[in-house]
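Step one of this worksheet: look at the structure below.
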Amino acid sequence: LVLEKYRKNVLAVYNIGLGQMNQGRPEEAIASFEKAIKLEPSYGEAHFGLGSSFYDLAQRAGGKRSLLTQAETALKKAVKLAPNLFPAHNALGNVYIALQDAEKAQLAYERVVEINPAAPEGHANLGRVLLARGNAGAAAKSIGKGVAVAPTNPHLHHELGIALKAAGKDRDAKRCFLTAVRLQPDMAQSF
């Protein structure tokens, strides 16, 4: 009975943190996630929330490195405690992008698609990193997997078009751009 009450308290504190995070209040969310971690240090999801909140705060502060480092620390702990928590790997990849470490970002995004091949954002993020690292063919392949999972997402078609164009496949790229516009007509303004 005491243990059940304890766990409910941790979940209650964690859920408060989630609410604060979703309402765009990262400072308050950080305090709640830290409290949840204090109550149950092995709760990977709370470390994920903490890292995500530090990342949000870092973005608001123009990419402040000290906040990104705190986000990295919390997210590394999250993936250690909950190795199959693919959103934590995705968030860690985002932190590495902000820290300009494409190699580590690529590894994090590869883990996302390994854990959950049905995660279109994982394929898209991996594709973006591969493209930035000069591997347009692999980028197109990865983003193409994201399109296969989420065929009605116009942004994925657009990104696939960019990767295909970089790979020298102009005809295929044009087809992707046209599909993106068909799915979301206002995307035509971005061309």
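The way I read the labels, and the way they are meant: chains A, B, ... in the order of the structure tokens, residue 1 as the first residue of every chain, and ligand 1 as the first ligand shown, with later ones counted on from there.
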
Residues within 7 Å of region 112-127 of chain A, only C-alpha atoms, excluding chain neighbours under 4 positions, as a ChimeraX atom specification: /A:84,86,89-90,106,108,131,139-140,142-143,145-146,149-150,156

Restricted to all heavy atoms, what would the selected residues look like written as an mmCIF file, in the first residue's frame?
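Generated file (part-v6.cif):
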```
data_model
loop_
_atom_site.group_PDB
_atom_site.id
_atom_site.type_symbol
_atom_site.label_atom_id
_atom_site.label_comp_id
_atom_site.auth_asym_id
_atom_site.auth_seq_id
_atom_site.Cartn_x
_atom_site.Cartn_y
_atom_site.Cartn_z
ATOM 1 N N ASN A 84 14.638 1.626 -24.813
ATOM 2 C CA ASN A 84 13.700 1.556 -25.936
ATOM 3 C C ASN A 84 12.773 2.768 -26.016
ATOM 4 O O ASN A 84 11.836 2.770 -26.818
ATOM 5 C CB ASN A 84 12.887 0.265 -25.888
ATOM 6 C CG ASN A 84 13.763 -0.932 -26.187
ATOM 7 O OD1 ASN A 84 14.689 -0.854 -26.990
ATOM 8 N ND2 ASN A 84 13.498 -2.037 -25.525
ATOM 9 N N PHE A 86 12.172 5.528 -27.615
ATOM 10 C CA PHE A 86 12.674 6.160 -28.832
ATOM 11 C C PHE A 86 12.518 7.677 -28.862
ATOM 12 O O PHE A 86 13.371 8.372 -29.434
ATOM 13 C CB PHE A 86 12.100 5.498 -30.095
ATOM 14 C CG PHE A 86 10.689 5.833 -30.417
ATOM 15 C CD1 PHE A 86 10.386 6.912 -31.225
ATOM 16 C CD2 PHE A 86 9.653 5.056 -29.928
ATOM 17 C CE1 PHE A 86 9.078 7.218 -31.541
ATOM 18 C CE2 PHE A 86 8.342 5.359 -30.235
ATOM 19 C CZ PHE A 86 8.052 6.443 -31.039
ATOM 20 N N HIS A 89 15.692 9.119 -27.531
ATOM 21 C CA HIS A 89 16.796 9.064 -28.495
ATOM 22 C C HIS A 89 16.640 10.174 -29.531
ATOM 23 O O HIS A 89 17.622 10.805 -29.933
ATOM 24 C CB HIS A 89 16.839 7.694 -29.192
ATOM 25 C CG HIS A 89 17.265 6.580 -28.301
ATOM 26 N ND1 HIS A 89 18.585 6.310 -28.034
ATOM 27 C CD2 HIS A 89 16.544 5.665 -27.607
ATOM 28 C CE1 HIS A 89 18.669 5.261 -27.225
ATOM 29 N NE2 HIS A 89 17.438 4.864 -26.947
ATOM 30 N N ASN A 90 15.403 10.403 -29.970
ATOM 31 C CA ASN A 90 15.138 11.467 -30.937
ATOM 32 C C ASN A 90 15.495 12.829 -30.353
ATOM 33 O O ASN A 90 16.146 13.648 -31.003
ATOM 34 C CB ASN A 90 13.668 11.418 -31.370
ATOM 35 C CG ASN A 90 13.437 12.192 -32.650
ATOM 36 O OD1 ASN A 90 13.985 11.862 -33.683
ATOM 37 N ND2 ASN A 90 12.622 13.227 -32.565
ATOM 38 N N GLN A 106 23.513 11.479 -35.695
ATOM 39 C CA GLN A 106 23.212 10.371 -36.600
ATOM 40 C C GLN A 106 23.032 9.072 -35.824
ATOM 41 O O GLN A 106 22.085 8.315 -36.074
ATOM 42 C CB GLN A 106 24.321 10.210 -37.644
ATOM 43 C CG GLN A 106 24.042 9.085 -38.628
ATOM 44 C CD GLN A 106 25.109 8.965 -39.707
ATOM 45 O OE1 GLN A 106 25.801 9.925 -40.027
ATOM 46 N NE2 GLN A 106 25.239 7.773 -40.265
ATOM 47 N N ALA A 108 22.090 8.719 -32.732
ATOM 48 C CA ALA A 108 20.838 8.789 -31.971
ATOM 49 C C ALA A 108 19.636 8.527 -32.877
ATOM 50 O O ALA A 108 18.734 7.756 -32.521
ATOM 51 C CB ALA A 108 20.705 10.155 -31.298
ATOM 52 N N LEU A 131 22.083 14.019 -45.129
ATOM 53 C CA LEU A 131 22.203 15.018 -46.182
ATOM 54 C C LEU A 131 23.237 16.076 -45.799
ATOM 55 O O LEU A 131 24.095 16.440 -46.607
ATOM 56 C CB LEU A 131 20.842 15.661 -46.474
ATOM 57 C CG LEU A 131 20.783 16.623 -47.654
ATOM 58 C CD1 LEU A 131 21.180 15.924 -48.951
ATOM 59 C CD2 LEU A 131 19.378 17.207 -47.771
ATOM 60 N N ALA A 139 20.395 9.721 -47.477
ATOM 61 C CA ALA A 139 19.376 10.629 -46.942
ATOM 62 C C ALA A 139 18.037 10.369 -47.621
ATOM 63 O O ALA A 139 17.000 10.262 -46.957
ATOM 64 C CB ALA A 139 19.796 12.080 -47.134
ATOM 65 N N ALA A 140 18.061 10.266 -48.949
ATOM 66 C CA ALA A 140 16.822 10.015 -49.694
ATOM 67 C C ALA A 140 16.212 8.674 -49.295
ATOM 68 O O ALA A 140 14.987 8.565 -49.135
ATOM 69 C CB ALA A 140 17.098 10.055 -51.199
ATOM 70 N N SER A 142 16.499 7.138 -46.382
ATOM 71 C CA SER A 142 15.932 7.259 -45.041
ATOM 72 C C SER A 142 14.627 8.048 -45.051
ATOM 73 O O SER A 142 13.624 7.611 -44.487
ATOM 74 C CB SER A 142 16.940 7.926 -44.100
ATOM 75 O OG SER A 142 16.411 7.998 -42.797
ATOM 76 N N ILE A 143 14.642 9.204 -45.720
ATOM 77 C CA ILE A 143 13.428 10.023 -45.767
ATOM 78 C C ILE A 143 12.335 9.283 -46.532
ATOM 79 O O ILE A 143 11.148 9.367 -46.193
ATOM 80 C CB ILE A 143 13.719 11.407 -46.361
ATOM 81 C CG1 ILE A 143 14.721 12.161 -45.481
ATOM 82 C CG2 ILE A 143 12.430 12.222 -46.501
ATOM 83 C CD1 ILE A 143 15.295 13.422 -46.108
ATOM 84 N N LYS A 145 11.759 6.168 -46.403
ATOM 85 C CA LYS A 145 11.124 5.264 -45.429
ATOM 86 C C LYS A 145 10.114 6.032 -44.577
ATOM 87 O O LYS A 145 9.062 5.498 -44.222
ATOM 88 C CB LYS A 145 12.171 4.594 -44.553
ATOM 89 C CG LYS A 145 13.003 3.574 -45.294
ATOM 90 C CD LYS A 145 14.054 2.955 -44.380
ATOM 91 C CE LYS A 145 14.920 1.961 -45.143
ATOM 92 N NZ LYS A 145 15.978 1.388 -44.292
ATOM 93 N N GLY A 146 10.434 7.279 -44.257
ATOM 94 C CA GLY A 146 9.487 8.116 -43.521
ATOM 95 C C GLY A 146 8.241 8.387 -44.335
ATOM 96 O O GLY A 146 7.125 8.343 -43.816
ATOM 97 N N VAL A 149 5.924 5.478 -44.333
ATOM 98 C CA VAL A 149 5.188 5.357 -43.068
ATOM 99 C C VAL A 149 4.095 6.414 -42.971
ATOM 100 O O VAL A 149 3.020 6.159 -42.434
ATOM 101 C CB VAL A 149 6.164 5.473 -41.865
ATOM 102 C CG1 VAL A 149 5.416 5.552 -40.553
ATOM 103 C CG2 VAL A 149 7.141 4.301 -41.845
ATOM 104 N N ALA A 150 4.377 7.605 -43.489
ATOM 105 C CA ALA A 150 3.425 8.723 -43.389
ATOM 106 C C ALA A 150 3.252 9.362 -44.765
ATOM 107 O O ALA A 150 3.723 10.479 -45.014
ATOM 108 C CB ALA A 150 3.926 9.739 -42.371
ATOM 109 N N LEU A 156 7.415 15.684 -45.475
ATOM 110 C CA LEU A 156 8.309 14.568 -45.787
ATOM 111 C C LEU A 156 8.543 14.468 -47.292
ATOM 112 O O LEU A 156 9.673 14.218 -47.737
ATOM 113 C CB LEU A 156 7.752 13.256 -45.250
ATOM 114 C CG LEU A 156 7.798 13.078 -43.731
ATOM 115 C CD1 LEU A 156 7.100 11.787 -43.317
ATOM 116 C CD2 LEU A 156 9.227 13.091 -43.227
#
```

Near-Met187 (chain A) list (9 Å; only C-alpha atoms; drop same-chain fewer than 4 positions) as a VMD selection string: chain A and resid 154 to 155 158 177 180 to 183 191

Write out, as a PDB file, in the first residue's frame, the residues just selected, with N, CA, C and O atoms.
```
ATOM      1  N   PRO A 154       3.079  16.214 -46.176  1.00  0.00           N
ATOM      2  CA  PRO A 154       3.687  16.969 -47.278  1.00  0.00           C
ATOM      3  C   PRO A 154       5.132  17.374 -47.001  1.00  0.00           C
ATOM      4  O   PRO A 154       5.943  17.461 -47.919  1.00  0.00           O
ATOM      5  N   HIS A 155       5.453  17.615 -45.742  1.00  0.00           N
ATOM      6  CA  HIS A 155       6.816  18.033 -45.394  1.00  0.00           C
ATOM      7  C   HIS A 155       7.827  16.928 -45.691  1.00  0.00           C
ATOM      8  O   HIS A 155       8.946  17.207 -46.130  1.00  0.00           O
ATOM      9  N   HIS A 158       8.455  16.926 -49.379  1.00  0.00           N
ATOM     10  CA  HIS A 158       9.323  18.062 -49.697  1.00  0.00           C
ATOM     11  C   HIS A 158      10.778  17.739 -49.357  1.00  0.00           C
ATOM     12  O   HIS A 158      11.688  17.971 -50.165  1.00  0.00           O
ATOM     13  N   PHE A 177       8.179  17.116 -54.986  1.00  0.00           N
ATOM     14  CA  PHE A 177       7.751  18.497 -54.750  1.00  0.00           C
ATOM     15  C   PHE A 177       6.289  18.694 -55.163  1.00  0.00           C
ATOM     16  O   PHE A 177       5.511  19.332 -54.453  1.00  0.00           O
ATOM     17  N   ALA A 180       4.065  17.129 -52.583  1.00  0.00           N
ATOM     18  CA  ALA A 180       3.993  17.986 -51.396  1.00  0.00           C
ATOM     19  C   ALA A 180       2.983  19.106 -51.611  1.00  0.00           C
ATOM     20  O   ALA A 180       2.150  19.379 -50.741  1.00  0.00           O
ATOM     21  N   VAL A 181       3.016  19.724 -52.775  1.00  0.00           N
ATOM     22  CA  VAL A 181       2.086  20.829 -53.080  1.00  0.00           C
ATOM     23  C   VAL A 181       0.656  20.312 -53.212  1.00  0.00           C
ATOM     24  O   VAL A 181      -0.288  20.971 -52.766  1.00  0.00           O
ATOM     25  N   ARG A 182       0.504  19.131 -53.791  1.00  0.00           N
ATOM     26  CA  ARG A 182      -0.842  18.553 -53.903  1.00  0.00           C
ATOM     27  C   ARG A 182      -1.422  18.304 -52.507  1.00  0.00           C
ATOM     28  O   ARG A 182      -2.597  18.564 -52.263  1.00  0.00           O
ATOM     29  N   LEU A 183      -0.583  17.848 -51.589  1.00  0.00           N
ATOM     30  CA  LEU A 183      -1.045  17.556 -50.231  1.00  0.00           C
ATOM     31  C   LEU A 183      -1.263  18.822 -49.410  1.00  0.00           C
ATOM     32  O   LEU A 183      -2.118  18.857 -48.524  1.00  0.00           O
ATOM     33  N   PHE A 191       8.750  27.221 -52.977  1.00  0.00           N
ATOM     34  CA  PHE A 191       9.570  26.848 -54.147  1.00  0.00           C
ATOM     35  C   PHE A 191       9.963  28.059 -54.942  1.00  0.00           C
ATOM     36  O   PHE A 191       9.330  28.946 -55.200  1.00  0.00           O
TER      37      PHE A 191
END
```

Among listed residues A:Ala105, A:Leu11, A:Ala98, A:Ala46, nearest Ala78 (chain A) (using only C-alpha atoms):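 Closest residue, counting only C-alpha atoms: A:Ala46.
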
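Separating CA of Ile30 (chain A) from CA of Lys64 (chain A) is a distance of 16.1 Å.
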
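The coordinates place CA of Ile37 (chain A) at 14.6 Å from CA of Gln70 (chain A).
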
Selected residue of minimal separation from Val147 (chain A) among A:Ala132, A:Leu75, A:Leu39, A:Cys176, counting only C-alpha atoms: A:Cys176

Exercise: Gly17 (chain A) partners within 8 Å, only C-alpha atoms, chain neighbours under 5 positions left out, as an MDAnalysis selection string: chainID A and resid 28:33 49

Selection: 12 Å around Lys165 (chain A), only C-alpha atoms, excl. self and same-chain fewer than 2 positions, as a PyMOL selection string: chain A and resi 131+136-137+139-140+158-163+167-177

Using N, CA and C atoms, can you write the selected residues to a file as a compact mmCIF listing (two decimals), in the first residue's frame?
```txt
# COMPACT_ATOMS: atom_id res chain seq x y z
N LEU A 131 22.08 14.02 -45.13
CA LEU A 131 22.20 15.02 -46.18
C LEU A 131 23.24 16.08 -45.80
N ALA A 136 23.70 12.20 -49.81
CA ALA A 136 22.34 12.46 -50.33
C ALA A 136 21.59 11.18 -50.65
N GLY A 137 22.27 10.18 -51.16
CA GLY A 137 21.60 8.92 -51.50
C GLY A 137 21.03 8.24 -50.27
N ALA A 139 20.40 9.72 -47.48
CA ALA A 139 19.38 10.63 -46.94
C ALA A 139 18.04 10.37 -47.62
N ALA A 140 18.06 10.27 -48.95
CA ALA A 140 16.82 10.02 -49.69
C ALA A 140 16.21 8.67 -49.30
N HIS A 158 8.46 16.93 -49.38
CA HIS A 158 9.32 18.06 -49.70
C HIS A 158 10.78 17.74 -49.36
N GLU A 159 10.99 17.21 -48.17
CA GLU A 159 12.36 16.86 -47.76
C GLU A 159 12.94 15.75 -48.63
N LEU A 160 12.11 14.81 -49.01
CA LEU A 160 12.58 13.76 -49.92
C LEU A 160 12.98 14.38 -51.26
N GLY A 161 12.22 15.34 -51.73
CA GLY A 161 12.56 16.04 -52.96
C GLY A 161 13.92 16.73 -52.86
N ILE A 162 14.17 17.36 -51.73
CA ILE A 162 15.46 18.04 -51.52
C ILE A 162 16.60 17.02 -51.57
N ALA A 163 16.42 15.90 -50.89
CA ALA A 163 17.47 14.88 -50.86
C ALA A 163 17.69 14.28 -52.25
N ALA A 167 20.93 14.34 -54.71
CA ALA A 167 21.49 13.09 -55.24
C ALA A 167 21.51 13.07 -56.77
N GLY A 168 21.04 14.17 -57.39
CA GLY A 168 21.05 14.25 -58.84
C GLY A 168 19.87 13.59 -59.52
N LYS A 169 18.82 13.31 -58.76
CA LYS A 169 17.63 12.66 -59.30
C LYS A 169 16.52 13.71 -59.45
N ASP A 170 16.73 14.61 -60.40
CA ASP A 170 15.84 15.76 -60.56
C ASP A 170 14.40 15.39 -60.88
N ARG A 171 14.20 14.40 -61.73
CA ARG A 171 12.85 14.00 -62.10
C ARG A 171 12.09 13.47 -60.88
N ASP A 172 12.74 12.61 -60.11
CA ASP A 172 12.11 12.07 -58.90
C ASP A 172 11.87 13.19 -57.88
N ALA A 173 12.82 14.11 -57.80
CA ALA A 173 12.67 15.24 -56.87
C ALA A 173 11.45 16.07 -57.24
N LYS A 174 11.30 16.35 -58.54
CA LYS A 174 10.16 17.15 -58.99
C LYS A 174 8.84 16.47 -58.63
N ARG A 175 8.80 15.16 -58.79
CA ARG A 175 7.59 14.40 -58.44
C ARG A 175 7.27 14.56 -56.95
N CYS A 176 8.30 14.53 -56.12
CA CYS A 176 8.08 14.71 -54.67
C CYS A 176 7.59 16.11 -54.34
N PHE A 177 8.18 17.12 -54.99
CA PHE A 177 7.75 18.50 -54.75
C PHE A 177 6.29 18.69 -55.16
```

Residues of region 16-148 of chain A in helix (DSSP H, G or I), written as a ChimeraX atom specification: /A:16-22,26-39,44-60,65-81,86-98,102-115,120-132,136-148

Got time to write the residues from that selection, C-alpha atoms, as an mmCIF file, in the first residue's frame?
```cif
data_model
loop_
_atom_site.group_PDB
_atom_site.id
_atom_site.type_symbol
_atom_site.label_atom_id
_atom_site.label_comp_id
_atom_site.auth_asym_id
_atom_site.auth_seq_id
_atom_site.Cartn_x
_atom_site.Cartn_y
_atom_site.Cartn_z
ATOM 1 C CA ILE A 16 2.394 17.764 -13.556
ATOM 2 C CA GLY A 17 5.777 18.228 -15.248
ATOM 3 C CA LEU A 18 4.350 16.971 -18.549
ATOM 4 C CA GLY A 19 1.501 19.434 -18.308
ATOM 5 C CA GLN A 20 3.881 22.290 -17.578
ATOM 6 C CA MET A 21 6.126 21.231 -20.461
ATOM 7 C CA ASN A 22 3.175 21.039 -22.875
ATOM 8 C CA PRO A 26 9.955 24.696 -19.075
ATOM 9 C CA GLU A 27 11.320 26.189 -15.845
ATOM 10 C CA GLU A 28 8.376 24.822 -13.862
ATOM 11 C CA ALA A 29 8.549 21.507 -15.724
ATOM 12 C CA ILE A 30 12.231 21.164 -14.831
ATOM 13 C CA ALA A 31 11.407 21.581 -11.140
ATOM 14 C CA SER A 32 8.653 18.946 -11.358
ATOM 15 C CA PHE A 33 10.788 16.431 -13.257
ATOM 16 C CA GLU A 34 13.651 16.944 -10.812
ATOM 17 C CA LYS A 35 11.242 16.252 -7.958
ATOM 18 C CA ALA A 36 10.002 13.080 -9.689
ATOM 19 C CA ILE A 37 13.606 11.944 -10.203
ATOM 20 C CA LYS A 38 14.357 12.601 -6.553
ATOM 21 C CA LEU A 39 11.417 10.376 -5.624
ATOM 22 C CA GLY A 44 13.674 7.099 -17.302
ATOM 23 C CA GLU A 45 10.630 8.990 -18.522
ATOM 24 C CA ALA A 46 11.225 11.699 -15.907
ATOM 25 C CA HIS A 47 14.813 12.090 -17.138
ATOM 26 C CA PHE A 48 13.395 12.342 -20.681
ATOM 27 C CA GLY A 49 11.018 15.095 -19.563
ATOM 28 C CA LEU A 50 13.858 16.873 -17.785
ATOM 29 C CA GLY A 51 16.096 16.724 -20.845
ATOM 30 C CA SER A 52 13.308 17.855 -23.154
ATOM 31 C CA SER A 53 12.544 20.784 -20.872
ATOM 32 C CA PHE A 54 16.202 21.836 -20.738
ATOM 33 C CA TYR A 55 16.299 21.604 -24.537
ATOM 34 C CA ASP A 56 13.181 23.772 -24.826
ATOM 35 C CA LEU A 57 14.717 26.306 -22.445
ATOM 36 C CA ALA A 58 17.977 26.254 -24.433
ATOM 37 C CA GLN A 59 16.080 26.923 -27.667
ATOM 38 C CA ARG A 60 14.330 29.876 -26.044
ATOM 39 C CA ARG A 65 25.336 25.709 -24.492
ATOM 40 C CA SER A 66 25.088 25.165 -20.714
ATOM 41 C CA LEU A 67 21.368 24.351 -21.054
ATOM 42 C CA LEU A 68 22.044 22.062 -24.013
ATOM 43 C CA THR A 69 24.649 20.236 -21.928
ATOM 44 C CA GLN A 70 22.106 19.774 -19.139
ATOM 45 C CA ALA A 71 19.622 18.464 -21.703
ATOM 46 C CA GLU A 72 22.244 16.051 -23.044
ATOM 47 C CA THR A 73 23.056 14.747 -19.555
ATOM 48 C CA ALA A 74 19.403 14.140 -18.691
ATOM 49 C CA LEU A 75 18.618 12.496 -22.041
ATOM 50 C CA LYS A 76 21.671 10.233 -21.878
ATOM 51 C CA LYS A 77 20.429 9.109 -18.470
ATOM 52 C CA ALA A 78 16.932 8.578 -19.905
ATOM 53 C CA VAL A 79 18.153 6.311 -22.713
ATOM 54 C CA LYS A 80 20.358 4.408 -20.282
ATOM 55 C CA LEU A 81 17.411 3.761 -17.956
ATOM 56 C CA PHE A 86 12.674 6.160 -28.832
ATOM 57 C CA PRO A 87 11.421 9.745 -28.260
ATOM 58 C CA ALA A 88 14.322 10.196 -25.822
ATOM 59 C CA HIS A 89 16.796 9.064 -28.495
ATOM 60 C CA ASN A 90 15.138 11.467 -30.937
ATOM 61 C CA ALA A 91 15.399 14.325 -28.452
ATOM 62 C CA LEU A 92 19.041 13.434 -27.804
ATOM 63 C CA GLY A 93 19.669 13.624 -31.551
ATOM 64 C CA ASN A 94 18.083 17.075 -31.589
ATOM 65 C CA VAL A 95 20.395 18.163 -28.778
ATOM 66 C CA TYR A 96 23.404 16.896 -30.706
ATOM 67 C CA ILE A 97 22.261 18.865 -33.762
ATOM 68 C CA ALA A 98 22.070 21.993 -31.605
ATOM 69 C CA ALA A 102 26.316 15.479 -36.505
ATOM 70 C CA GLU A 103 28.034 12.160 -35.856
ATOM 71 C CA LYS A 104 26.379 11.673 -32.466
ATOM 72 C CA ALA A 105 23.069 12.964 -33.841
ATOM 73 C CA GLN A 106 23.212 10.371 -36.600
ATOM 74 C CA LEU A 107 23.790 7.599 -34.065
ATOM 75 C CA ALA A 108 20.838 8.789 -31.971
ATOM 76 C CA TYR A 109 18.502 8.936 -34.980
ATOM 77 C CA GLU A 110 19.691 5.531 -36.179
ATOM 78 C CA ARG A 111 18.663 4.194 -32.783
ATOM 79 C CA VAL A 112 15.221 5.798 -33.171
ATOM 80 C CA VAL A 113 14.510 3.972 -36.434
ATOM 81 C CA GLU A 114 15.994 0.754 -35.064
ATOM 82 C CA ILE A 115 13.632 0.817 -32.078
ATOM 83 C CA PRO A 120 8.529 9.028 -39.556
ATOM 84 C CA GLU A 121 10.299 11.774 -37.591
ATOM 85 C CA GLY A 122 13.184 9.393 -36.913
ATOM 86 C CA HIS A 123 13.620 8.664 -40.619
ATOM 87 C CA ALA A 124 13.323 12.368 -41.488
ATOM 88 C CA ASN A 125 15.820 13.427 -38.835
ATOM 89 C CA LEU A 126 18.263 10.724 -39.876
ATOM 90 C CA GLY A 127 17.859 11.801 -43.496
ATOM 91 C CA ARG A 128 18.555 15.451 -42.641
ATOM 92 C CA VAL A 129 21.768 14.514 -40.853
ATOM 93 C CA LEU A 130 22.884 12.245 -43.670
ATOM 94 C CA LEU A 131 22.203 15.018 -46.182
ATOM 95 C CA ALA A 132 24.122 17.538 -44.087
ATOM 96 C CA ALA A 136 22.345 12.459 -50.327
ATOM 97 C CA GLY A 137 21.605 8.922 -51.503
ATOM 98 C CA ALA A 138 21.349 7.531 -47.973
ATOM 99 C CA ALA A 139 19.376 10.629 -46.942
ATOM 100 C CA ALA A 140 16.822 10.015 -49.694
ATOM 101 C CA LYS A 141 16.550 6.373 -48.701
ATOM 102 C CA SER A 142 15.932 7.259 -45.041
ATOM 103 C CA ILE A 143 13.428 10.023 -45.767
ATOM 104 C CA GLY A 144 11.754 7.696 -48.283
ATOM 105 C CA LYS A 145 11.124 5.264 -45.429
ATOM 106 C CA GLY A 146 9.487 8.116 -43.521
ATOM 107 C CA VAL A 147 7.276 8.862 -46.536
ATOM 108 C CA ALA A 148 6.304 5.183 -46.705
#
```

Computed interatomic separation between CA of Ala61 (chain A) and CA of Tyr14 (chain A) (Å):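 Those two atoms sit 24.2 Å apart.
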